[in-house]
file run15.tsv (TSV, N, CA and C atoms and all ligand atoms)
chain	number	residue	atom	x	y	z
T	1	MET	N	0.84	-1.20	0.00
T	1	MET	CA	0.00	0.00	0.00
T	1	MET	C	0.88	1.24	0.00
T	2	TYR	N	0.48	2.23	-0.74
T	2	TYR	CA	1.21	3.50	-0.75
T	2	TYR	C	0.21	4.63	-0.97
T	3	ASN	N	0.69	5.86	-0.82
T	3	ASN	CA	-0.21	7.01	-0.92
T	3	ASN	C	-0.07	7.70	-2.28
T	4	VAL	N	-1.19	8.08	-2.81
T	4	VAL	CA	-1.20	8.88	-4.04
T	4	VAL	C	-2.05	10.12	-3.80
T	5	ALA	N	-1.82	11.12	-4.63
T	5	ALA	CA	-2.54	12.38	-4.49
T	5	ALA	C	-3.92	12.29	-5.12
T	6	GLU	N	-4.84	13.04	-4.53
T	6	GLU	CA	-6.21	13.10	-5.06
T	6	GLU	C	-6.69	14.55	-4.98
T	7	VAL	N	-7.27	15.04	-6.08
T	7	VAL	CA	-7.75	16.42	-6.12
T	7	VAL	C	-9.22	16.47	-5.74
T	8	ASN	N	-9.55	17.36	-4.82
T	8	ASN	CA	-10.95	17.67	-4.51
T	8	ASN	C	-11.39	18.73	-5.52
T	9	ALA	N	-12.17	18.30	-6.51
T	9	ALA	CA	-12.52	19.19	-7.63
T	9	ALA	C	-13.25	20.46	-7.16
T	10	GLU	N	-14.02	20.34	-6.08
T	10	GLU	CA	-14.76	21.52	-5.61
T	10	GLU	C	-13.83	22.59	-5.07
T	11	ALA	N	-12.69	22.16	-4.52
T	11	ALA	CA	-11.75	23.12	-3.94
T	11	ALA	C	-10.73	23.62	-4.96
T	12	CYS	N	-10.51	22.86	-6.01
T	12	CYS	CA	-9.51	23.24	-7.02
T	12	CYS	C	-9.95	24.50	-7.77
T	13	VAL	N	-9.01	25.43	-7.90
T	13	VAL	CA	-9.33	26.69	-8.58
T	13	VAL	C	-8.59	26.82	-9.92
T	14	ALA	N	-8.41	25.70	-10.58
T	14	ALA	CA	-7.74	25.73	-11.89
T	14	ALA	C	-8.51	26.59	-12.89
T	15	GLN	N	-9.81	26.69	-12.70
T	15	GLN	CA	-10.59	27.53	-13.62
T	15	GLN	C	-10.23	29.01	-13.48
T	16	LYS	N	-9.58	29.36	-12.38
T	16	LYS	CA	-9.12	30.75	-12.19
T	16	LYS	C	-7.66	30.91	-12.61
T	17	GLY	N	-7.11	29.86	-13.18
T	17	GLY	CA	-5.75	29.97	-13.71
T	17	GLY	C	-4.68	29.31	-12.88
T	18	CYS	N	-5.04	28.73	-11.74
T	18	CYS	CA	-4.03	28.06	-10.92
T	18	CYS	C	-3.50	26.83	-11.64
T	19	ARG	N	-2.18	26.71	-11.66
T	19	ARG	CA	-1.53	25.52	-12.26
T	19	ARG	C	-0.38	25.07	-11.35
T	20	LEU	N	-0.41	25.48	-10.11
T	20	LEU	CA	0.73	25.24	-9.21
T	20	LEU	C	1.13	23.78	-9.13
T	21	CYS	N	0.15	22.93	-8.88
T	21	CYS	CA	0.49	21.51	-8.71
T	21	CYS	C	1.06	20.93	-10.01
T	22	ILE	N	0.49	21.35	-11.12
T	22	ILE	CA	0.95	20.85	-12.42
T	22	ILE	C	2.39	21.30	-12.66
T	23	MET	N	2.71	22.52	-12.26
T	23	MET	CA	4.07	23.05	-12.47
T	23	MET	C	5.09	22.37	-11.56
T	24	TYR	N	4.68	22.05	-10.35
T	24	TYR	CA	5.66	21.55	-9.37
T	24	TYR	C	5.78	20.04	-9.31
T	25	CYS	N	4.81	19.32	-9.79
T	25	CYS	CA	4.92	17.85	-9.75
T	25	CYS	C	6.14	17.40	-10.54
T	26	PRO	N	7.03	16.63	-9.92
T	26	PRO	CA	8.25	16.22	-10.60
T	26	PRO	C	8.06	15.09	-11.61
T	27	GLU	N	6.89	14.48	-11.60
T	27	GLU	CA	6.66	13.37	-12.52
T	27	GLU	C	5.98	13.87	-13.80
T	28	ALA	N	6.53	13.50	-14.94
T	28	ALA	CA	6.00	13.97	-16.21
T	28	ALA	C	4.56	13.49	-16.43
T	29	ASN	N	3.70	14.41	-16.84
T	29	ASN	CA	2.32	14.08	-17.20
T	29	ASN	C	1.55	13.38	-16.09
T	30	CYS	N	1.88	13.69	-14.87
T	30	CYS	CA	1.24	13.03	-13.73
T	30	CYS	C	0.02	13.81	-13.27
T	31	ILE	N	0.12	15.13	-13.25
T	31	ILE	CA	-1.06	15.95	-12.97
T	31	ILE	C	-1.42	16.66	-14.27
T	32	GLN	N	-2.65	16.49	-14.65
T	32	GLN	CA	-3.09	17.08	-15.92
T	32	GLN	C	-4.28	17.98	-15.70
T	33	LEU	N	-4.51	18.87	-16.65
T	33	LEU	CA	-5.66	19.76	-16.57
T	33	LEU	C	-6.80	19.15	-17.36
T	34	ASP	N	-7.92	18.92	-16.68
T	34	ASP	CA	-9.14	18.50	-17.37
T	34	ASP	C	-9.70	19.76	-18.01
T	35	THR	N	-9.55	19.88	-19.32
T	35	THR	CA	-9.90	21.15	-19.98
T	35	THR	C	-11.40	21.33	-20.13
T	36	GLN	N	-12.16	20.28	-19.89
T	36	GLN	CA	-13.62	20.44	-19.93
T	36	GLN	C	-14.13	20.95	-18.60
T	37	LYS	N	-13.66	20.30	-17.52
T	37	LYS	CA	-14.10	20.72	-16.19
T	37	LYS	C	-13.23	21.85	-15.63
T	38	MET	N	-12.06	22.07	-16.25
T	38	MET	CA	-11.08	23.04	-15.76
T	38	MET	C	-10.69	22.76	-14.30
T	39	LYS	N	-10.29	21.50	-14.09
T	39	LYS	CA	-9.80	21.06	-12.79
T	39	LYS	C	-8.54	20.24	-12.99
T	40	ALA	N	-7.67	20.26	-12.00
T	40	ALA	CA	-6.48	19.41	-12.04
T	40	ALA	C	-6.90	17.98	-11.73
T	41	VAL	N	-6.30	17.03	-12.42
T	41	VAL	CA	-6.58	15.62	-12.15
T	41	VAL	C	-5.25	14.86	-12.07
T	42	ILE	N	-5.19	13.92	-11.15
T	42	ILE	CA	-3.98	13.13	-10.95
T	42	ILE	C	-4.08	11.84	-11.76
T	43	VAL	N	-3.04	11.52	-12.47
T	43	VAL	CA	-2.95	10.19	-13.10
T	43	VAL	C	-2.28	9.28	-12.06
T	44	GLU	N	-3.12	8.52	-11.36
T	44	GLU	CA	-2.64	7.77	-10.19
T	44	GLU	C	-1.47	6.85	-10.51
T	45	SER	N	-1.49	6.26	-11.67
T	45	SER	CA	-0.44	5.29	-12.00
T	45	SER	C	0.92	5.96	-12.13
T	46	ARG	N	0.95	7.28	-12.29
T	46	ARG	CA	2.22	8.00	-12.42
T	46	ARG	C	2.65	8.67	-11.13
T	47	CYS	N	1.75	8.76	-10.16
T	47	CYS	CA	2.05	9.48	-8.91
T	47	CYS	C	3.01	8.68	-8.05
T	48	LYS	N	4.08	9.35	-7.58
T	48	LYS	CA	5.08	8.69	-6.74
T	48	LYS	C	4.89	9.02	-5.26
T	49	GLY	N	3.85	9.77	-4.92
T	49	GLY	CA	3.53	10.01	-3.53
T	49	GLY	C	4.43	11.00	-2.81
T	50	CYS	N	5.07	11.90	-3.56
T	50	CYS	CA	6.05	12.81	-2.94
T	50	CYS	C	5.39	13.93	-2.13
T	51	GLU	N	4.12	14.19	-2.38
T	51	GLU	CA	3.33	15.21	-1.67
T	51	GLU	C	3.70	16.65	-2.00
T	52	LEU	N	4.55	16.87	-2.99
T	52	LEU	CA	4.90	18.24	-3.36
T	52	LEU	C	3.67	19.03	-3.81
T	53	CYS	N	2.77	18.36	-4.49
T	53	CYS	CA	1.55	19.04	-4.96
T	53	CYS	C	0.71	19.50	-3.77
T	54	VAL	N	0.66	18.68	-2.71
T	54	VAL	CA	-0.09	19.05	-1.51
T	54	VAL	C	0.54	20.30	-0.89
T	55	VAL	N	1.86	20.32	-0.82
T	55	VAL	CA	2.57	21.44	-0.21
T	55	VAL	C	2.28	22.75	-0.95
T	56	VAL	N	2.37	22.73	-2.28
T	56	VAL	CA	2.18	23.99	-3.01
T	56	VAL	C	0.72	24.41	-3.03
T	57	CYS	N	-0.19	23.44	-3.11
T	57	CYS	CA	-1.62	23.78	-3.10
T	57	CYS	C	-2.02	24.34	-1.73
T	58	ASP	N	-1.54	23.73	-0.67
T	58	ASP	CA	-1.83	24.23	0.68
T	58	ASP	C	-1.19	25.60	0.91
T	59	ALA	N	0.05	25.78	0.39
T	59	ALA	CA	0.75	27.06	0.59
T	59	ALA	C	-0.04	28.21	-0.04
T	60	ALA	N	-0.75	27.90	-1.12
T	60	ALA	CA	-1.57	28.92	-1.79
T	60	ALA	C	-2.97	29.00	-1.17
T	61	LYS	N	-3.17	28.22	-0.09
T	61	LYS	CA	-4.42	28.20	0.68
T	61	LYS	C	-5.62	27.68	-0.11
T	62	HIS	N	-5.36	26.83	-1.10
T	62	HIS	CA	-6.46	26.20	-1.82
T	62	HIS	C	-6.86	24.87	-1.15
T	63	ASN	N	-5.89	24.21	-0.54
T	63	ASN	CA	-6.17	22.97	0.20
T	63	ASN	C	-7.03	21.98	-0.60
T	64	ALA	N	-6.68	21.82	-1.85
T	64	ALA	CA	-7.51	20.99	-2.73
T	64	ALA	C	-6.96	19.59	-2.96
T	65	ILE	N	-5.77	19.28	-2.42
T	65	ILE	CA	-5.19	17.96	-2.68
T	65	ILE	C	-4.94	17.23	-1.36
T	66	THR	N	-5.34	15.98	-1.33
T	66	THR	CA	-5.04	15.13	-0.18
T	66	THR	C	-4.36	13.87	-0.67
T	67	MET	N	-3.67	13.20	0.24
T	67	MET	CA	-3.05	11.93	-0.08
T	67	MET	C	-4.01	10.82	0.35
T	68	VAL	N	-4.18	9.83	-0.51
T	68	VAL	CA	-5.07	8.73	-0.19
T	68	VAL	C	-4.31	7.41	-0.37
T	69	ALA	N	-4.64	6.44	0.45
T	69	ALA	CA	-3.96	5.15	0.40
T	69	ALA	C	-4.48	4.32	-0.77
T	70	ARG	N	-3.55	3.65	-1.43
T	70	ARG	CA	-3.93	2.76	-2.54
T	70	ARG	C	-3.29	1.40	-2.36
T	101	LIG	S1	-2.56	23.71	-6.94
T	101	LIG	FE1	-4.51	23.08	-6.04
T	101	LIG	S2	-5.98	24.66	-6.69
T	101	LIG	FE2	-4.16	24.82	-8.00
T	101	LIG	S3	-4.65	23.60	-9.82
T	101	LIG	FE3	-3.55	22.27	-8.36
T	101	LIG	S4	-5.20	21.25	-7.18
T	101	LIG	FE4	-6.10	23.00	-8.21
T	102	LIG	S1	2.36	13.40	-4.84
T	102	LIG	FE1	4.18	14.04	-6.04
T	102	LIG	S2	4.15	12.69	-7.83
T	102	LIG	FE2	2.12	12.56	-6.90
T	102	LIG	S3	0.89	14.08	-8.01
T	102	LIG	FE3	1.73	15.07	-6.18
T	102	LIG	S4	3.61	16.08	-6.83
T	102	LIG	FE4	3.05	14.56	-8.40

call {"tool": "encode", "arguments": {"input": "run15.tsv", "output": "structure tokens"}}
result
Amino acid sequence: MYNVAEVNAEACVAQKGCRLCIMYCPEANCIQLDTQKMKAVIVESRCKGCELCVVVCDAAKHNAITMVAR
């Protein structure tokens, strides 16, 4: 079992232009922008559980990403 990131779509403000998690995630193509819903989405199979996305999202006070066990 390990932890992967999960975006709470209601809290994500990607529709206002936020791309912090996408910019900071060290894994290529791991966090993507759902261009229809305008929300960040995690590709779980690529997530390494580093929590950097949680740190930057929380630092911006959006608090939209949590780690979940898989
Ligand atoms: S940093 Fe947080 S609010 Fe910004 S796009 Fe990522 S999940 Fe959404
Ligand atoms: S936990 Fe790390 S690897 Fe996973 S989505 Fe967040 S920044 Fe990317």

call {"tool": "atom_distance", "arguments": {"input": "run15.tsv", "atom1": "atom C of Asn63 (chain T)", "atom2": "atom N of Val7 (chain T)"}}
result
8.8 Å

call {"tool": "select_by_dssp", "arguments": {"input": "run15.tsv", "residues": "region 9-64 of chain T", "states": "alpha helix (DSSP H)", "output": "list in words"}}
result
Leu20, Cys21, Ile22, Met23, Tyr24, Leu52, Cys53, Val54, Val55, Val56, Cys57, Asp58 and Ala59 of chain T

call {"tool": "residues_around", "arguments": {"input": "run15.tsv", "residues": "Ala64 (chain T)", "least_positions_apart": "4", "cutoff": "7 Å", "atoms": "only C-alpha atoms", "output": "list in words"}}
result
Val7, Asn8, Ala11, Cys12 and Cys57 of chain T

call {"tool": "residues_near_ligand", "arguments": {"input": "run15.tsv", "ligand": "ligand LIG 102 (chain T)", "cutoff": "6.5 Å", "atoms": "all atoms listed in the file", "output": "PDB file with N, CA and C atoms, in the coordinates of the input"}}
result
ATOM      1  N   VAL T   4      -1.190   8.080  -2.810  1.00  0.00           N
ATOM      2  CA  VAL T   4      -1.200   8.880  -4.040  1.00  0.00           C
ATOM      3  C   VAL T   4      -2.050  10.120  -3.800  1.00  0.00           C
ATOM      4  N   ALA T   5      -1.820  11.120  -4.630  1.00  0.00           N
ATOM      5  CA  ALA T   5      -2.540  12.380  -4.490  1.00  0.00           C
ATOM      6  C   ALA T   5      -3.920  12.290  -5.120  1.00  0.00           C
ATOM      7  N   CYS T  21       0.150  22.930  -8.880  1.00  0.00           N
ATOM      8  CA  CYS T  21       0.490  21.510  -8.710  1.00  0.00           C
ATOM      9  C   CYS T  21       1.060  20.930 -10.010  1.00  0.00           C
ATOM     10  N   TYR T  24       4.680  22.050 -10.350  1.00  0.00           N
ATOM     11  CA  TYR T  24       5.660  21.550  -9.370  1.00  0.00           C
ATOM     12  C   TYR T  24       5.780  20.040  -9.310  1.00  0.00           C
ATOM     13  N   CYS T  25       4.810  19.320  -9.790  1.00  0.00           N
ATOM     14  CA  CYS T  25       4.920  17.850  -9.750  1.00  0.00           C
ATOM     15  C   CYS T  25       6.140  17.400 -10.540  1.00  0.00           C
ATOM     16  N   PRO T  26       7.030  16.630  -9.920  1.00  0.00           N
ATOM     17  CA  PRO T  26       8.250  16.220 -10.600  1.00  0.00           C
ATOM     18  C   PRO T  26       8.060  15.090 -11.610  1.00  0.00           C
ATOM     19  N   GLU T  27       6.890  14.480 -11.600  1.00  0.00           N
ATOM     20  CA  GLU T  27       6.660  13.370 -12.520  1.00  0.00           C
ATOM     21  C   GLU T  27       5.980  13.870 -13.800  1.00  0.00           C
ATOM     22  N   CYS T  30       1.880  13.690 -14.870  1.00  0.00           N
ATOM     23  CA  CYS T  30       1.240  13.030 -13.730  1.00  0.00           C
ATOM     24  C   CYS T  30       0.020  13.810 -13.270  1.00  0.00           C
ATOM     25  N   ILE T  31       0.120  15.130 -13.250  1.00  0.00           N
ATOM     26  CA  ILE T  31      -1.060  15.950 -12.970  1.00  0.00           C
ATOM     27  C   ILE T  31      -1.420  16.660 -14.270  1.00  0.00           C
ATOM     28  N   ILE T  42      -5.190  13.920 -11.150  1.00  0.00           N
ATOM     29  CA  ILE T  42      -3.980  13.130 -10.950  1.00  0.00           C
ATOM     30  C   ILE T  42      -4.080  11.840 -11.760  1.00  0.00           C
ATOM     31  N   VAL T  43      -3.040  11.520 -12.470  1.00  0.00           N
ATOM     32  CA  VAL T  43      -2.950  10.190 -13.100  1.00  0.00           C
ATOM     33  C   VAL T  43      -2.280   9.280 -12.060  1.00  0.00           C
ATOM     34  N   ARG T  46       0.950   7.280 -12.290  1.00  0.00           N
ATOM     35  CA  ARG T  46       2.220   8.000 -12.420  1.00  0.00           C
ATOM     36  C   ARG T  46       2.650   8.670 -11.130  1.00  0.00           C
ATOM     37  N   CYS T  47       1.750   8.760 -10.160  1.00  0.00           N
ATOM     38  CA  CYS T  47       2.050   9.480  -8.910  1.00  0.00           C
ATOM     39  C   CYS T  47       3.010   8.680  -8.050  1.00  0.00           C
ATOM     40  N   LYS T  48       4.080   9.350  -7.580  1.00  0.00           N
ATOM     41  CA  LYS T  48       5.080   8.690  -6.740  1.00  0.00           C
ATOM     42  C   LYS T  48       4.890   9.020  -5.260  1.00  0.00           C
ATOM     43  N   GLY T  49       3.850   9.770  -4.920  1.00  0.00           N
ATOM     44  CA  GLY T  49       3.530  10.010  -3.530  1.00  0.00           C
ATOM     45  C   GLY T  49       4.430  11.000  -2.810  1.00  0.00           C
ATOM     46  N   CYS T  50       5.070  11.900  -3.560  1.00  0.00           N
ATOM     47  CA  CYS T  50       6.050  12.810  -2.940  1.00  0.00           C
ATOM     48  C   CYS T  50       5.390  13.930  -2.130  1.00  0.00           C
ATOM     49  N   GLU T  51       4.120  14.190  -2.380  1.00  0.00           N
ATOM     50  CA  GLU T  51       3.330  15.210  -1.670  1.00  0.00           C
ATOM     51  C   GLU T  51       3.700  16.650  -2.000  1.00  0.00           C
ATOM     52  N   LEU T  52       4.550  16.870  -2.990  1.00  0.00           N
ATOM     53  CA  LEU T  52       4.900  18.240  -3.360  1.00  0.00           C
ATOM     54  C   LEU T  52       3.670  19.030  -3.810  1.00  0.00           C
ATOM     55  N   CYS T  53       2.770  18.360  -4.490  1.00  0.00           N
ATOM     56  CA  CYS T  53       1.550  19.040  -4.960  1.00  0.00           C
ATOM     57  C   CYS T  53       0.710  19.500  -3.770  1.00  0.00           C
ATOM     58  N   VAL T  54       0.660  18.680  -2.710  1.00  0.00           N
ATOM     59  CA  VAL T  54      -0.090  19.050  -1.510  1.00  0.00           C
ATOM     60  C   VAL T  54       0.540  20.300  -0.890  1.00  0.00           C
TER      61      VAL T  54
END

call {"tool": "closest_residue", "arguments": {"input": "run15.tsv", "among": "T:Arg70, T:Lys16, T:His62, T:Lys37", "to": "ligand LIG 101 (chain T)", "atoms": "only C-alpha atoms and all ligand atoms"}}
result
T:His62

call {"tool": "closest_residue", "arguments": {"input": "run15.tsv", "among": "T:Val13, T:Asn3, T:Ala59, T:Gln32", "to": "ligand LIG 101 (chain T)", "atoms": "only N, CA and C atoms and all ligand atoms"}}
result
T:Val13

call {"tool": "closest_residue", "arguments": {"input": "run15.tsv", "among": "T:Met1, T:Val68, T:Met38, T:Asn29", "to": "ligand LIG 101 (chain T)", "atoms": "all atoms listed in the file"}}
result
T:Met38

call {"tool": "closest_residue", "arguments": {"input": "run15.tsv", "among": "T:Val55, T:Tyr2, T:Thr35, T:Leu20", "to": "ligand LIG 101 (chain T)", "atoms": "all atoms listed in the file"}}
result
T:Leu20

call {"tool": "select_by_dssp", "arguments": {"input": "run15.tsv", "residues": "chain T", "states": "strand (DSSP E or B)", "output": "NGL selection string"}}
result
:T and (3-7 or 31-34 or 39-42 or 65-69)

call {"tool": "closest_residue", "arguments": {"input": "run15.tsv", "among": "T:Ala60, T:Ala69, T:Cys18, T:Ala28", "to": "ligand LIG 101 (chain T)", "atoms": "only C-alpha atoms and all ligand atoms"}}
result
T:Cys18

call {"tool": "atom_distance", "arguments": {"input": "run15.tsv", "atom1": "CA of Val41 (chain T)", "atom2": "atom N of Asp58 (chain T)"}}
result
14.9 Å

call {"tool": "axis_aligned_box", "arguments": {"input": "run15.tsv", "around": "ligand LIG 101 (chain T)", "padding_each_side": "8 Å", "output": "AutoDock Vina command-line options"}}
result
--center_x -4.3 --center_y 23.0 --center_z -7.9 --size_x 19.5 --size_y 19.6 --size_z 19.8

call {"tool": "decode", "arguments": {"input": "run15.tsv", "residues": "chain T", "atoms": "C-alpha atoms", "output": "PDB file, in the first residue's frame"}}
result
ATOM      1  CA  MET T   1       0.000   0.000   0.000  1.00  0.00           C
ATOM      2  CA  TYR T   2       1.205   3.497  -0.747  1.00  0.00           C
ATOM      3  CA  ASN T   3      -0.208   7.009  -0.923  1.00  0.00           C
ATOM      4  CA  VAL T   4      -1.195   8.876  -4.040  1.00  0.00           C
ATOM      5  CA  ALA T   5      -2.536  12.385  -4.491  1.00  0.00           C
ATOM      6  CA  GLU T   6      -6.209  13.101  -5.063  1.00  0.00           C
ATOM      7  CA  VAL T   7      -7.746  16.420  -6.124  1.00  0.00           C
ATOM      8  CA  ASN T   8     -10.945  17.671  -4.513  1.00  0.00           C
ATOM      9  CA  ALA T   9     -12.524  19.194  -7.626  1.00  0.00           C
ATOM     10  CA  GLU T  10     -14.757  21.520  -5.614  1.00  0.00           C
ATOM     11  CA  ALA T  11     -11.750  23.123  -3.936  1.00  0.00           C
ATOM     12  CA  CYS T  12      -9.508  23.238  -7.021  1.00  0.00           C
ATOM     13  CA  VAL T  13      -9.335  26.692  -8.584  1.00  0.00           C
ATOM     14  CA  ALA T  14      -7.744  25.725 -11.890  1.00  0.00           C
ATOM     15  CA  GLN T  15     -10.591  27.534 -13.623  1.00  0.00           C
ATOM     16  CA  LYS T  16      -9.121  30.748 -12.194  1.00  0.00           C
ATOM     17  CA  GLY T  17      -5.748  29.972 -13.707  1.00  0.00           C
ATOM     18  CA  CYS T  18      -4.029  28.063 -10.917  1.00  0.00           C
ATOM     19  CA  ARG T  19      -1.531  25.524 -12.259  1.00  0.00           C
ATOM     20  CA  LEU T  20       0.730  25.244  -9.212  1.00  0.00           C
ATOM     21  CA  CYS T  21       0.492  21.507  -8.711  1.00  0.00           C
ATOM     22  CA  ILE T  22       0.954  20.855 -12.420  1.00  0.00           C
ATOM     23  CA  MET T  23       4.067  23.052 -12.466  1.00  0.00           C
ATOM     24  CA  TYR T  24       5.658  21.554  -9.373  1.00  0.00           C
ATOM     25  CA  CYS T  25       4.915  17.851  -9.748  1.00  0.00           C
ATOM     26  CA  PRO T  26       8.253  16.223 -10.598  1.00  0.00           C
ATOM     27  CA  GLU T  27       6.657  13.366 -12.520  1.00  0.00           C
ATOM     28  CA  ALA T  28       5.997  13.974 -16.215  1.00  0.00           C
ATOM     29  CA  ASN T  29       2.315  14.079 -17.198  1.00  0.00           C
ATOM     30  CA  CYS T  30       1.239  13.032 -13.731  1.00  0.00           C
ATOM     31  CA  ILE T  31      -1.060  15.952 -12.971  1.00  0.00           C
ATOM     32  CA  GLN T  32      -3.086  17.079 -15.916  1.00  0.00           C
ATOM     33  CA  LEU T  33      -5.656  19.759 -16.570  1.00  0.00           C
ATOM     34  CA  ASP T  34      -9.138  18.500 -17.370  1.00  0.00           C
ATOM     35  CA  THR T  35      -9.897  21.151 -19.980  1.00  0.00           C
ATOM     36  CA  GLN T  36     -13.620  20.437 -19.935  1.00  0.00           C
ATOM     37  CA  LYS T  37     -14.097  20.725 -16.188  1.00  0.00           C
ATOM     38  CA  MET T  38     -11.075  23.042 -15.759  1.00  0.00           C
ATOM     39  CA  LYS T  39      -9.800  21.061 -12.790  1.00  0.00           C
ATOM     40  CA  ALA T  40      -6.482  19.411 -12.036  1.00  0.00           C
ATOM     41  CA  VAL T  41      -6.575  15.617 -12.148  1.00  0.00           C
ATOM     42  CA  ILE T  42      -3.981  13.129 -10.946  1.00  0.00           C
ATOM     43  CA  VAL T  43      -2.946  10.194 -13.103  1.00  0.00           C
ATOM     44  CA  GLU T  44      -2.641   7.765 -10.194  1.00  0.00           C
ATOM     45  CA  SER T  45      -0.441   5.292 -12.004  1.00  0.00           C
ATOM     46  CA  ARG T  46       2.216   7.995 -12.423  1.00  0.00           C
ATOM     47  CA  CYS T  47       2.045   9.480  -8.908  1.00  0.00           C
ATOM     48  CA  LYS T  48       5.083   8.695  -6.743  1.00  0.00           C
ATOM     49  CA  GLY T  49       3.531  10.005  -3.532  1.00  0.00           C
ATOM     50  CA  CYS T  50       6.049  12.808  -2.935  1.00  0.00           C
ATOM     51  CA  GLU T  51       3.332  15.213  -1.669  1.00  0.00           C
ATOM     52  CA  LEU T  52       4.900  18.244  -3.360  1.00  0.00           C
ATOM     53  CA  CYS T  53       1.549  19.038  -4.956  1.00  0.00           C
ATOM     54  CA  VAL T  54      -0.094  19.053  -1.514  1.00  0.00           C
ATOM     55  CA  VAL T  55       2.575  21.439  -0.205  1.00  0.00           C
ATOM     56  CA  VAL T  56       2.182  23.990  -3.012  1.00  0.00           C
ATOM     57  CA  CYS T  57      -1.620  23.784  -3.096  1.00  0.00           C
ATOM     58  CA  ASP T  58      -1.827  24.233   0.683  1.00  0.00           C
ATOM     59  CA  ALA T  59       0.747  27.060   0.590  1.00  0.00           C
ATOM     60  CA  ALA T  60      -1.572  28.917  -1.786  1.00  0.00           C
ATOM     61  CA  LYS T  61      -4.419  28.196   0.682  1.00  0.00           C
ATOM     62  CA  HIS T  62      -6.461  26.204  -1.821  1.00  0.00           C
ATOM     63  CA  ASN T  63      -6.174  22.969   0.202  1.00  0.00           C
ATOM     64  CA  ALA T  64      -7.514  20.992  -2.732  1.00  0.00           C
ATOM     65  CA  ILE T  65      -5.187  17.958  -2.680  1.00  0.00           C
ATOM     66  CA  THR T  66      -5.042  15.132  -0.176  1.00  0.00           C
ATOM     67  CA  MET T  67      -3.051  11.925  -0.083  1.00  0.00           C
ATOM     68  CA  VAL T  68      -5.069   8.725  -0.191  1.00  0.00           C
ATOM     69  CA  ALA T  69      -3.961   5.147   0.397  1.00  0.00           C
ATOM     70  CA  ARG T  70      -3.929   2.760  -2.538  1.00  0.00           C
TER      71      ARG T  70
END
